[in-house]
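Reviewing the structure listed below.
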Amino acid sequence: MDKYTIELKDLKIRAFHGYYKKEQEIGSFFIVNLAVQYFSSVKQDSSLDDSVNYEQLFRIVTQGMKNTKPLLEDVCLVILEKIEVAFPFISQSAITIEKINPPISHFNGKSVKVSLERKYEKH
């Protein structure tokens with residue numbers, strides 16, 4: 001059995017997540033990275049039914065980013081839960097959401113990140 005990883009890298013998405021009302025009003029840019037792993041024994045002539053469709057992953061991520069939440073932890077959780085429903089055969093997933101230039105007084109960094117990794121024990 002082979003282990004495959006599908007990744008979406010450096011998706012730049014404008015969204016309105018944030019704990020403070022002003023963050024939800026003005027919005028920010030976010031960078032999203034996602035990795036999904038699964039096992040398969042299919043060798044050739046596969047169809048999308050035998051794989052993780054990265055276009056569908058992209059839609060799940062962009063929809064999840066549109067649903068404003070106060071905490072990035074919640075955004076990560078919702079996205080991974082929707083991916084698990086869409087692809088119940090996955091064995092592991094990981095997401096990182098990076099907020100570019102967060103509105104923190106005297107913050108001299110470029111960004112803040114939240115990551116979530118999940119292993120699915122059903123396999």
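The chains in the structure tokens are called A, B, ... from first to last as shown; in each chain the residues are counted from 1, and the ligands are counted from 1 in the order shown.
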
TODO: Looking only at strand (DSSP E or B) from DSSP on the backbone, list the matching residues of chain A as an NGL selection string.
DONE: :A and (2-15 or 28-40 or 90-100 or 111-119)

Can those selected residues be exported to a file as a PDB file, in the first residue's frame so that it contains C-alpha atoms?
```
ATOM      1  CA  ASP A   2       1.374   3.405  -0.989  1.00  0.00           C
ATOM      2  CA  LYS A   3       1.056   6.600   1.042  1.00  0.00           C
ATOM      3  CA  TYR A   4       0.196   9.728  -0.930  1.00  0.00           C
ATOM      4  CA  THR A   5       0.286  13.370   0.138  1.00  0.00           C
ATOM      5  CA  ILE A   6      -1.724  16.086  -1.578  1.00  0.00           C
ATOM      6  CA  GLU A   7      -0.690  19.644  -0.706  1.00  0.00           C
ATOM      7  CA  LEU A   8      -2.070  23.096  -1.355  1.00  0.00           C
ATOM      8  CA  LYS A   9       0.756  25.564  -0.772  1.00  0.00           C
ATOM      9  CA  ASP A  10       0.797  29.281  -0.075  1.00  0.00           C
ATOM     10  CA  LEU A  11      -2.827  30.082  -0.899  1.00  0.00           C
ATOM     11  CA  LYS A  12      -3.226  33.845  -0.401  1.00  0.00           C
ATOM     12  CA  ILE A  13      -6.776  34.613   0.715  1.00  0.00           C
ATOM     13  CA  ARG A  14      -8.349  37.824   1.973  1.00  0.00           C
ATOM     14  CA  ALA A  15     -10.643  37.157   4.919  1.00  0.00           C
ATOM     15  CA  SER A  28      -6.420  40.827   6.384  1.00  0.00           C
ATOM     16  CA  PHE A  29      -4.533  38.616   4.025  1.00  0.00           C
ATOM     17  CA  PHE A  30      -3.918  35.051   5.116  1.00  0.00           C
ATOM     18  CA  ILE A  31      -1.617  32.377   3.741  1.00  0.00           C
ATOM     19  CA  VAL A  32      -3.002  28.829   3.967  1.00  0.00           C
ATOM     20  CA  ASN A  33      -0.998  25.621   3.621  1.00  0.00           C
ATOM     21  CA  LEU A  34      -2.731  22.262   3.665  1.00  0.00           C
ATOM     22  CA  ALA A  35      -1.513  18.674   3.452  1.00  0.00           C
ATOM     23  CA  VAL A  36      -3.703  15.575   3.273  1.00  0.00           C
ATOM     24  CA  GLN A  37      -2.391  12.013   3.347  1.00  0.00           C
ATOM     25  CA  TYR A  38      -4.029   8.765   2.341  1.00  0.00           C
ATOM     26  CA  PHE A  39      -3.096   5.205   1.474  1.00  0.00           C
ATOM     27  CA  SER A  40      -3.920   3.538  -1.825  1.00  0.00           C
ATOM     28  CA  ILE A  90      -7.710  10.079   4.506  1.00  0.00           C
ATOM     29  CA  SER A  91      -5.246   9.040   7.209  1.00  0.00           C
ATOM     30  CA  GLN A  92      -3.847  12.423   8.211  1.00  0.00           C
ATOM     31  CA  SER A  93      -4.308  16.127   7.558  1.00  0.00           C
ATOM     32  CA  ALA A  94      -2.512  19.305   8.553  1.00  0.00           C
ATOM     33  CA  ILE A  95      -3.331  22.957   8.019  1.00  0.00           C
ATOM     34  CA  THR A  96      -1.493  26.182   8.780  1.00  0.00           C
ATOM     35  CA  ILE A  97      -3.182  29.564   8.556  1.00  0.00           C
ATOM     36  CA  GLU A  98      -0.861  32.564   8.657  1.00  0.00           C
ATOM     37  CA  LYS A  99      -2.213  36.060   9.303  1.00  0.00           C
ATOM     38  CA  ILE A 100      -0.100  38.675   7.531  1.00  0.00           C
ATOM     39  CA  SER A 111       2.857  37.332  10.676  1.00  0.00           C
ATOM     40  CA  VAL A 112       1.303  34.953  13.179  1.00  0.00           C
ATOM     41  CA  LYS A 113       0.456  31.323  12.428  1.00  0.00           C
ATOM     42  CA  VAL A 114      -1.859  28.691  13.775  1.00  0.00           C
ATOM     43  CA  SER A 115      -1.439  25.039  12.805  1.00  0.00           C
ATOM     44  CA  LEU A 116      -3.537  21.953  13.373  1.00  0.00           C
ATOM     45  CA  GLU A 117      -2.563  18.366  12.627  1.00  0.00           C
ATOM     46  CA  ARG A 118      -4.980  15.477  12.786  1.00  0.00           C
ATOM     47  CA  LYS A 119      -4.526  11.720  12.485  1.00  0.00           C
TER      48      LYS A 119
END
```

- [ ] Taking the DSSP assignment computed from this structure's backbone, write out as a ChimeraX atom specification all residues of chain A that belong to helix (DSSP H, G or I).
- [x] /A:21-26,48-50,54-66,72-86

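Atom pair atom CA of Thr62 of chain A / atom CA of Ala86 of chain A: separated by 14.7 Å.
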
TODO: Excluding His17 of chain A and residues on its chain fewer than 2 positions from it, collect all residues at most 8 Å away from it, counting only C-alpha atoms, and give them as JSON, numbers by chain.
DONE: {"A": [15, 19, 23, 24, 27, 28, 68, 69, 70, 71, 72]}

With N, CA and C atoms retained, export the selected residues as an mmCIF file, in the first residue's frame.
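Full text of out.cif as output:
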```cif
data_model
loop_
_atom_site.group_PDB
_atom_site.id
_atom_site.type_symbol
_atom_site.label_atom_id
_atom_site.label_comp_id
_atom_site.auth_asym_id
_atom_site.auth_seq_id
_atom_site.Cartn_x
_atom_site.Cartn_y
_atom_site.Cartn_z
ATOM 1 N N ALA A 15 -9.536 37.589 4.065
ATOM 2 C CA ALA A 15 -10.643 37.157 4.919
ATOM 3 C C ALA A 15 -10.760 38.111 6.106
ATOM 4 N N TYR A 19 -10.284 38.361 16.547
ATOM 5 C CA TYR A 19 -10.989 38.454 17.820
ATOM 6 C C TYR A 19 -11.650 39.820 17.988
ATOM 7 N N GLU A 23 -10.783 43.983 13.317
ATOM 8 C CA GLU A 23 -10.192 42.969 12.438
ATOM 9 C C GLU A 23 -11.246 42.381 11.510
ATOM 10 N N GLN A 24 -12.438 42.180 12.051
ATOM 11 C CA GLN A 24 -13.521 41.602 11.260
ATOM 12 C C GLN A 24 -14.093 42.604 10.261
ATOM 13 N N GLY A 27 -10.457 43.317 7.705
ATOM 14 C CA GLY A 27 -9.910 42.120 7.076
ATOM 15 C C GLY A 27 -8.401 42.134 6.977
ATOM 16 N N SER A 28 -7.859 41.015 6.541
ATOM 17 C CA SER A 28 -6.420 40.827 6.384
ATOM 18 C C SER A 28 -6.179 39.808 5.282
ATOM 19 N N THR A 68 -16.311 33.877 8.719
ATOM 20 C CA THR A 68 -15.548 34.641 9.712
ATOM 21 C C THR A 68 -15.671 34.027 11.104
ATOM 22 N N LYS A 69 -14.509 33.861 11.738
ATOM 23 C CA LYS A 69 -14.419 33.324 13.102
ATOM 24 C C LYS A 69 -13.486 34.225 13.907
ATOM 25 N N PRO A 70 -13.674 34.308 15.227
ATOM 26 C CA PRO A 70 -12.767 35.108 16.037
ATOM 27 C C PRO A 70 -11.382 34.482 16.172
ATOM 28 N N LEU A 71 -11.294 33.157 16.165
ATOM 29 C CA LEU A 71 -10.022 32.477 16.369
ATOM 30 C C LEU A 71 -9.632 31.647 15.153
ATOM 31 N N LEU A 72 -8.368 31.741 14.766
ATOM 32 C CA LEU A 72 -7.876 30.926 13.649
ATOM 33 C C LEU A 72 -7.917 29.444 13.989
#
```

- [ ] Could you tell me how far atom CA of Phe87 of chain A lies from atom CA of Leu57 of chain A, in Å and to one decimal?
- [x] 9.5 Å

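Here atom CA of Val78 of chain A is placed at a distance of 25.3 Å from atom CA of Lys110 of chain A.
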
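Nearest-residue note for Cys76 of chain A: choosing from A:Gln63, A:Ser51, A:Gln56, A:Ser41, the minimum distance belongs to A:Gln63, counting only C-alpha atoms.
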